[in-house]
Amino acid sequence: MDEVWARVGVVAAALAVAAVIALWQKTRVRGPIRQVASGDLEPGVYLFSSESCPTCAQARDDLDRALGDAYFEVRWEEQPEAFSHLGVDAVPAVLIVKTSGQGRLFPGRPDKALAEL
């Protein structure tokens, strides 16, 4: 019986490690700040987030403090096509769209993006 519980423990540990790796892959910051063609987006600030992202809530709080409700949130679960169209491959990410239509994408928490406003 002890052998069965040992195997169950090994399987549970492996699943936990796999879950942590998957979460890390989804939320890690990938790449530098970069220019993007914003397409049809209105000028403004956009927060790209996901329900499974542990740092997105803090990013949302940062933007709430700095901008109030003067930003748009784009959630992976609701608009995955926007992520692929703009090349957003990690959350949180902040996109600042200028009146010229050019966008600048900031991966990670919004600190650097807010400094540019």
# chains A, B, ... in the order shown; residues from 1 in each chain; ligands from 1

call {"tool": "select_by_dssp", "arguments": {"residues": "region 35-107 of chain A", "states": "strand (DSSP E)", "output": "MDAnalysis selection string"}}
result
chainID A and resid 35:37 44:49 72:75 93:97 102:107

call {"tool": "write_last_selection", "arguments": {"atoms": "C-alpha atoms", "output": "PDB file, in the first residue's frame"}}
result
ATOM      1  CA  GLN A  35       6.537  49.157 -32.174  1.00  0.00           C
ATOM      2  CA  VAL A  36       3.362  47.567 -33.528  1.00  0.00           C
ATOM      3  CA  ALA A  37       0.846  48.517 -36.180  1.00  0.00           C
ATOM      4  CA  GLY A  44      -5.287  55.192 -25.870  1.00  0.00           C
ATOM      5  CA  VAL A  45      -3.838  52.721 -23.412  1.00  0.00           C
ATOM      6  CA  TYR A  46      -4.659  49.002 -23.625  1.00  0.00           C
ATOM      7  CA  LEU A  47      -3.953  46.374 -20.977  1.00  0.00           C
ATOM      8  CA  PHE A  48      -3.659  42.831 -22.332  1.00  0.00           C
ATOM      9  CA  SER A  49      -4.495  40.315 -19.612  1.00  0.00           C
ATOM     10  CA  PHE A  72      -9.091  49.572 -22.194  1.00  0.00           C
ATOM     11  CA  GLU A  73      -8.610  45.991 -21.041  1.00  0.00           C
ATOM     12  CA  VAL A  74      -8.291  43.211 -23.610  1.00  0.00           C
ATOM     13  CA  ARG A  75      -8.683  39.737 -22.102  1.00  0.00           C
ATOM     14  CA  ALA A  93       1.305  43.767 -21.591  1.00  0.00           C
ATOM     15  CA  VAL A  94       0.455  47.412 -22.170  1.00  0.00           C
ATOM     16  CA  LEU A  95      -0.062  48.920 -25.616  1.00  0.00           C
ATOM     17  CA  ILE A  96      -0.016  52.681 -26.042  1.00  0.00           C
ATOM     18  CA  VAL A  97      -1.640  53.795 -29.303  1.00  0.00           C
ATOM     19  CA  GLN A 102       1.300  53.788 -34.226  1.00  0.00           C
ATOM     20  CA  GLY A 103       1.446  51.608 -31.152  1.00  0.00           C
ATOM     21  CA  ARG A 104       4.161  50.788 -28.683  1.00  0.00           C
ATOM     22  CA  LEU A 105       3.883  47.460 -26.831  1.00  0.00           C
ATOM     23  CA  PHE A 106       5.364  47.126 -23.333  1.00  0.00           C
ATOM     24  CA  PRO A 107       5.552  43.536 -22.018  1.00  0.00           C
TER      25      PRO A 107
END

call {"tool": "residues_around", "arguments": {"residues": "Leu114 (chain A)", "least_positions_apart": "2", "cutoff": "10 Å", "atoms": "only C-alpha atoms", "output": "PyMOL selection string"}}
result
chain A and resi 45+62-63+66-67+94+96+106+109-112+116-117

call {"tool": "atom_distance", "arguments": {"atom1": "CA of Val88 (chain A)", "atom2": "CA of Gln58 (chain A)"}}
result
18.6 Å

call {"tool": "residues_around", "arguments": {"residues": "Thr99 (chain A)", "least_positions_apart": "5", "cutoff": "10 Å", "atoms": "only C-alpha atoms", "output": "MDAnalysis selection string"}}
result
chainID A and resid 41:44

call {"tool": "write_last_selection", "arguments": {"atoms": "C-alpha atoms", "output": "PDB file, in the first residue's frame"}}
result
ATOM      1  CA  LEU A  41      -7.583  50.560 -32.369  1.00  0.00           C
ATOM      2  CA  GLU A  42      -8.501  53.983 -31.079  1.00  0.00           C
ATOM      3  CA  PRO A  43      -5.729  56.070 -29.528  1.00  0.00           C
ATOM      4  CA  GLY A  44      -5.287  55.192 -25.870  1.00  0.00           C
TER       5      GLY A  44
END

call {"tool": "closest_residue", "arguments": {"among": "A:Leu15, A:Cys56, A:Val10, A:Met1", "to": "Pro92 (chain A)", "atoms": "only C-alpha atoms"}}
result
A:Cys56

call {"tool": "atom_distance", "arguments": {"atom1": "CA of Val91 (chain A)", "atom2": "CA of Val11 (chain A)"}}
result
29.1 Å

call {"tool": "select_by_dssp", "arguments": {"residues": "region 71-104 of chain A", "states": "alpha helix (DSSP H)", "output": "count of residues only"}}
result
7

call {"tool": "decode", "arguments": {"residues": "region 31-69 of chain A", "atoms": "N, CA and C atoms", "output": "PDB file, in the first residue's frame"}}
result
ATOM      1  N   GLY A  31      10.469  39.300 -24.858  1.00  0.00           N
ATOM      2  CA  GLY A  31      10.887  40.311 -25.800  1.00  0.00           C
ATOM      3  C   GLY A  31      10.913  41.721 -25.238  1.00  0.00           C
ATOM      4  N   PRO A  32      11.526  42.588 -26.019  1.00  0.00           N
ATOM      5  CA  PRO A  32      11.672  43.983 -25.609  1.00  0.00           C
ATOM      6  C   PRO A  32      10.433  44.809 -25.953  1.00  0.00           C
ATOM      7  N   ILE A  33      10.454  46.051 -25.518  1.00  0.00           N
ATOM      8  CA  ILE A  33       9.437  47.013 -25.933  1.00  0.00           C
ATOM      9  C   ILE A  33       9.551  47.129 -27.452  1.00  0.00           C
ATOM     10  N   ARG A  34       8.412  47.121 -28.143  1.00  0.00           N
ATOM     11  CA  ARG A  34       8.491  47.182 -29.607  1.00  0.00           C
ATOM     12  C   ARG A  34       7.329  47.965 -30.205  1.00  0.00           C
ATOM     13  N   GLN A  35       7.559  48.449 -31.411  1.00  0.00           N
ATOM     14  CA  GLN A  35       6.537  49.157 -32.174  1.00  0.00           C
ATOM     15  C   GLN A  35       5.602  48.122 -32.803  1.00  0.00           C
ATOM     16  N   VAL A  36       4.318  48.440 -32.853  1.00  0.00           N
ATOM     17  CA  VAL A  36       3.362  47.567 -33.528  1.00  0.00           C
ATOM     18  C   VAL A  36       2.408  48.422 -34.342  1.00  0.00           C
ATOM     19  N   ALA A  37       1.893  47.852 -35.406  1.00  0.00           N
ATOM     20  CA  ALA A  37       0.846  48.517 -36.180  1.00  0.00           C
ATOM     21  C   ALA A  37      -0.461  48.228 -35.460  1.00  0.00           C
ATOM     22  N   SER A  38      -1.088  49.255 -34.948  1.00  0.00           N
ATOM     23  CA  SER A  38      -2.247  49.056 -34.074  1.00  0.00           C
ATOM     24  C   SER A  38      -3.545  48.793 -34.825  1.00  0.00           C
ATOM     25  N   GLY A  39      -3.523  48.895 -36.133  1.00  0.00           N
ATOM     26  CA  GLY A  39      -4.724  48.572 -36.903  1.00  0.00           C
ATOM     27  C   GLY A  39      -5.868  49.515 -36.621  1.00  0.00           C
ATOM     28  N   ASP A  40      -6.994  48.974 -36.218  1.00  0.00           N
ATOM     29  CA  ASP A  40      -8.210  49.754 -36.034  1.00  0.00           C
ATOM     30  C   ASP A  40      -8.409  50.254 -34.608  1.00  0.00           C
ATOM     31  N   LEU A  41      -7.416  50.136 -33.759  1.00  0.00           N
ATOM     32  CA  LEU A  41      -7.583  50.560 -32.369  1.00  0.00           C
ATOM     33  C   LEU A  41      -7.604  52.072 -32.243  1.00  0.00           C
ATOM     34  N   GLU A  42      -8.456  52.553 -31.375  1.00  0.00           N
ATOM     35  CA  GLU A  42      -8.501  53.983 -31.079  1.00  0.00           C
ATOM     36  C   GLU A  42      -7.262  54.366 -30.284  1.00  0.00           C
ATOM     37  N   PRO A  43      -6.848  55.625 -30.372  1.00  0.00           N
ATOM     38  CA  PRO A  43      -5.729  56.070 -29.528  1.00  0.00           C
ATOM     39  C   PRO A  43      -6.069  55.849 -28.057  1.00  0.00           C
ATOM     40  N   GLY A  44      -5.075  55.423 -27.291  1.00  0.00           N
ATOM     41  CA  GLY A  44      -5.287  55.192 -25.870  1.00  0.00           C
ATOM     42  C   GLY A  44      -4.341  54.144 -25.322  1.00  0.00           C
ATOM     43  N   VAL A  45      -4.646  53.707 -24.119  1.00  0.00           N
ATOM     44  CA  VAL A  45      -3.838  52.721 -23.412  1.00  0.00           C
ATOM     45  C   VAL A  45      -4.650  51.430 -23.304  1.00  0.00           C
ATOM     46  N   TYR A  46      -4.010  50.314 -23.633  1.00  0.00           N
ATOM     47  CA  TYR A  46      -4.659  49.002 -23.625  1.00  0.00           C
ATOM     48  C   TYR A  46      -3.869  48.061 -22.731  1.00  0.00           C
ATOM     49  N   LEU A  47      -4.552  47.404 -21.814  1.00  0.00           N
ATOM     50  CA  LEU A  47      -3.953  46.374 -20.977  1.00  0.00           C
ATOM     51  C   LEU A  47      -4.373  45.021 -21.529  1.00  0.00           C
ATOM     52  N   PHE A  48      -3.394  44.189 -21.888  1.00  0.00           N
ATOM     53  CA  PHE A  48      -3.659  42.831 -22.332  1.00  0.00           C
ATOM     54  C   PHE A  48      -3.477  41.915 -21.135  1.00  0.00           C
ATOM     55  N   SER A  49      -4.512  41.121 -20.828  1.00  0.00           N
ATOM     56  CA  SER A  49      -4.495  40.315 -19.612  1.00  0.00           C
ATOM     57  C   SER A  49      -5.148  38.960 -19.857  1.00  0.00           C
ATOM     58  N   SER A  50      -5.100  38.133 -18.815  1.00  0.00           N
ATOM     59  CA  SER A  50      -5.716  36.817 -18.839  1.00  0.00           C
ATOM     60  C   SER A  50      -6.196  36.492 -17.428  1.00  0.00           C
ATOM     61  N   GLU A  51      -7.252  35.715 -17.331  1.00  0.00           N
ATOM     62  CA  GLU A  51      -7.766  35.324 -16.018  1.00  0.00           C
ATOM     63  C   GLU A  51      -6.763  34.491 -15.229  1.00  0.00           C
ATOM     64  N   SER A  52      -5.913  33.731 -15.924  1.00  0.00           N
ATOM     65  CA  SER A  52      -4.967  32.859 -15.234  1.00  0.00           C
ATOM     66  C   SER A  52      -3.647  33.555 -14.911  1.00  0.00           C
ATOM     67  N   CYS A  53      -3.542  34.830 -15.183  1.00  0.00           N
ATOM     68  CA  CYS A  53      -2.301  35.577 -14.974  1.00  0.00           C
ATOM     69  C   CYS A  53      -2.232  36.129 -13.551  1.00  0.00           C
ATOM     70  N   PRO A  54      -1.243  35.692 -12.765  1.00  0.00           N
ATOM     71  CA  PRO A  54      -1.168  36.162 -11.377  1.00  0.00           C
ATOM     72  C   PRO A  54      -0.712  37.617 -11.241  1.00  0.00           C
ATOM     73  N   THR A  55      -0.013  38.166 -12.225  1.00  0.00           N
ATOM     74  CA  THR A  55       0.450  39.553 -12.119  1.00  0.00           C
ATOM     75  C   THR A  55      -0.465  40.547 -12.827  1.00  0.00           C
ATOM     76  N   CYS A  56      -1.478  40.063 -13.518  1.00  0.00           N
ATOM     77  CA  CYS A  56      -2.389  40.969 -14.231  1.00  0.00           C
ATOM     78  C   CYS A  56      -3.217  41.821 -13.270  1.00  0.00           C
ATOM     79  N   ALA A  57      -3.598  41.271 -12.137  1.00  0.00           N
ATOM     80  CA  ALA A  57      -4.368  42.055 -11.166  1.00  0.00           C
ATOM     81  C   ALA A  57      -3.560  43.244 -10.667  1.00  0.00           C
ATOM     82  N   GLN A  58      -2.276  43.041 -10.419  1.00  0.00           N
ATOM     83  CA  GLN A  58      -1.417  44.144  -9.977  1.00  0.00           C
ATOM     84  C   GLN A  58      -1.244  45.166 -11.096  1.00  0.00           C
ATOM     85  N   ALA A  59      -1.103  44.699 -12.325  1.00  0.00           N
ATOM     86  CA  ALA A  59      -0.993  45.614 -13.466  1.00  0.00           C
ATOM     87  C   ALA A  59      -2.271  46.442 -13.599  1.00  0.00           C
ATOM     88  N   ARG A  60      -3.409  45.808 -13.418  1.00  0.00           N
ATOM     89  CA  ARG A  60      -4.704  46.503 -13.468  1.00  0.00           C
ATOM     90  C   ARG A  60      -4.782  47.561 -12.355  1.00  0.00           C
ATOM     91  N   ASP A  61      -4.340  47.191 -11.153  1.00  0.00           N
ATOM     92  CA  ASP A  61      -4.329  48.146 -10.038  1.00  0.00           C
ATOM     93  C   ASP A  61      -3.421  49.333 -10.337  1.00  0.00           C
ATOM     94  N   ASP A  62      -2.247  49.062 -10.921  1.00  0.00           N
ATOM     95  CA  ASP A  62      -1.318  50.138 -11.283  1.00  0.00           C
ATOM     96  C   ASP A  62      -1.971  51.109 -12.270  1.00  0.00           C
ATOM     97  N   LEU A  63      -2.639  50.568 -13.285  1.00  0.00           N
ATOM     98  CA  LEU A  63      -3.292  51.428 -14.275  1.00  0.00           C
ATOM     99  C   LEU A  63      -4.484  52.162 -13.671  1.00  0.00           C
ATOM    100  N   ASP A  64      -5.233  51.489 -12.796  1.00  0.00           N
ATOM    101  CA  ASP A  64      -6.351  52.156 -12.119  1.00  0.00           C
ATOM    102  C   ASP A  64      -5.869  53.366 -11.333  1.00  0.00           C
ATOM    103  N   ARG A  65      -4.764  53.200 -10.596  1.00  0.00           N
ATOM    104  CA  ARG A  65      -4.222  54.319  -9.805  1.00  0.00           C
ATOM    105  C   ARG A  65      -3.729  55.454 -10.695  1.00  0.00           C
ATOM    106  N   ALA A  66      -3.093  55.094 -11.800  1.00  0.00           N
ATOM    107  CA  ALA A  66      -2.488  56.111 -12.657  1.00  0.00           C
ATOM    108  C   ALA A  66      -3.482  56.767 -13.618  1.00  0.00           C
ATOM    109  N   LEU A  67      -4.432  55.979 -14.127  1.00  0.00           N
ATOM    110  CA  LEU A  67      -5.304  56.482 -15.192  1.00  0.00           C
ATOM    111  C   LEU A  67      -6.784  56.462 -14.861  1.00  0.00           C
ATOM    112  N   GLY A  68      -7.151  55.916 -13.705  1.00  0.00           N
ATOM    113  CA  GLY A  68      -8.573  55.753 -13.412  1.00  0.00           C
ATOM    114  C   GLY A  68      -9.158  54.740 -14.385  1.00  0.00           C
ATOM    115  N   ASP A  69     -10.242  55.119 -15.041  1.00  0.00           N
ATOM    116  CA  ASP A  69     -10.840  54.197 -16.020  1.00  0.00           C
ATOM    117  C   ASP A  69     -10.500  54.605 -17.454  1.00  0.00           C
TER     118      ASP A  69
END
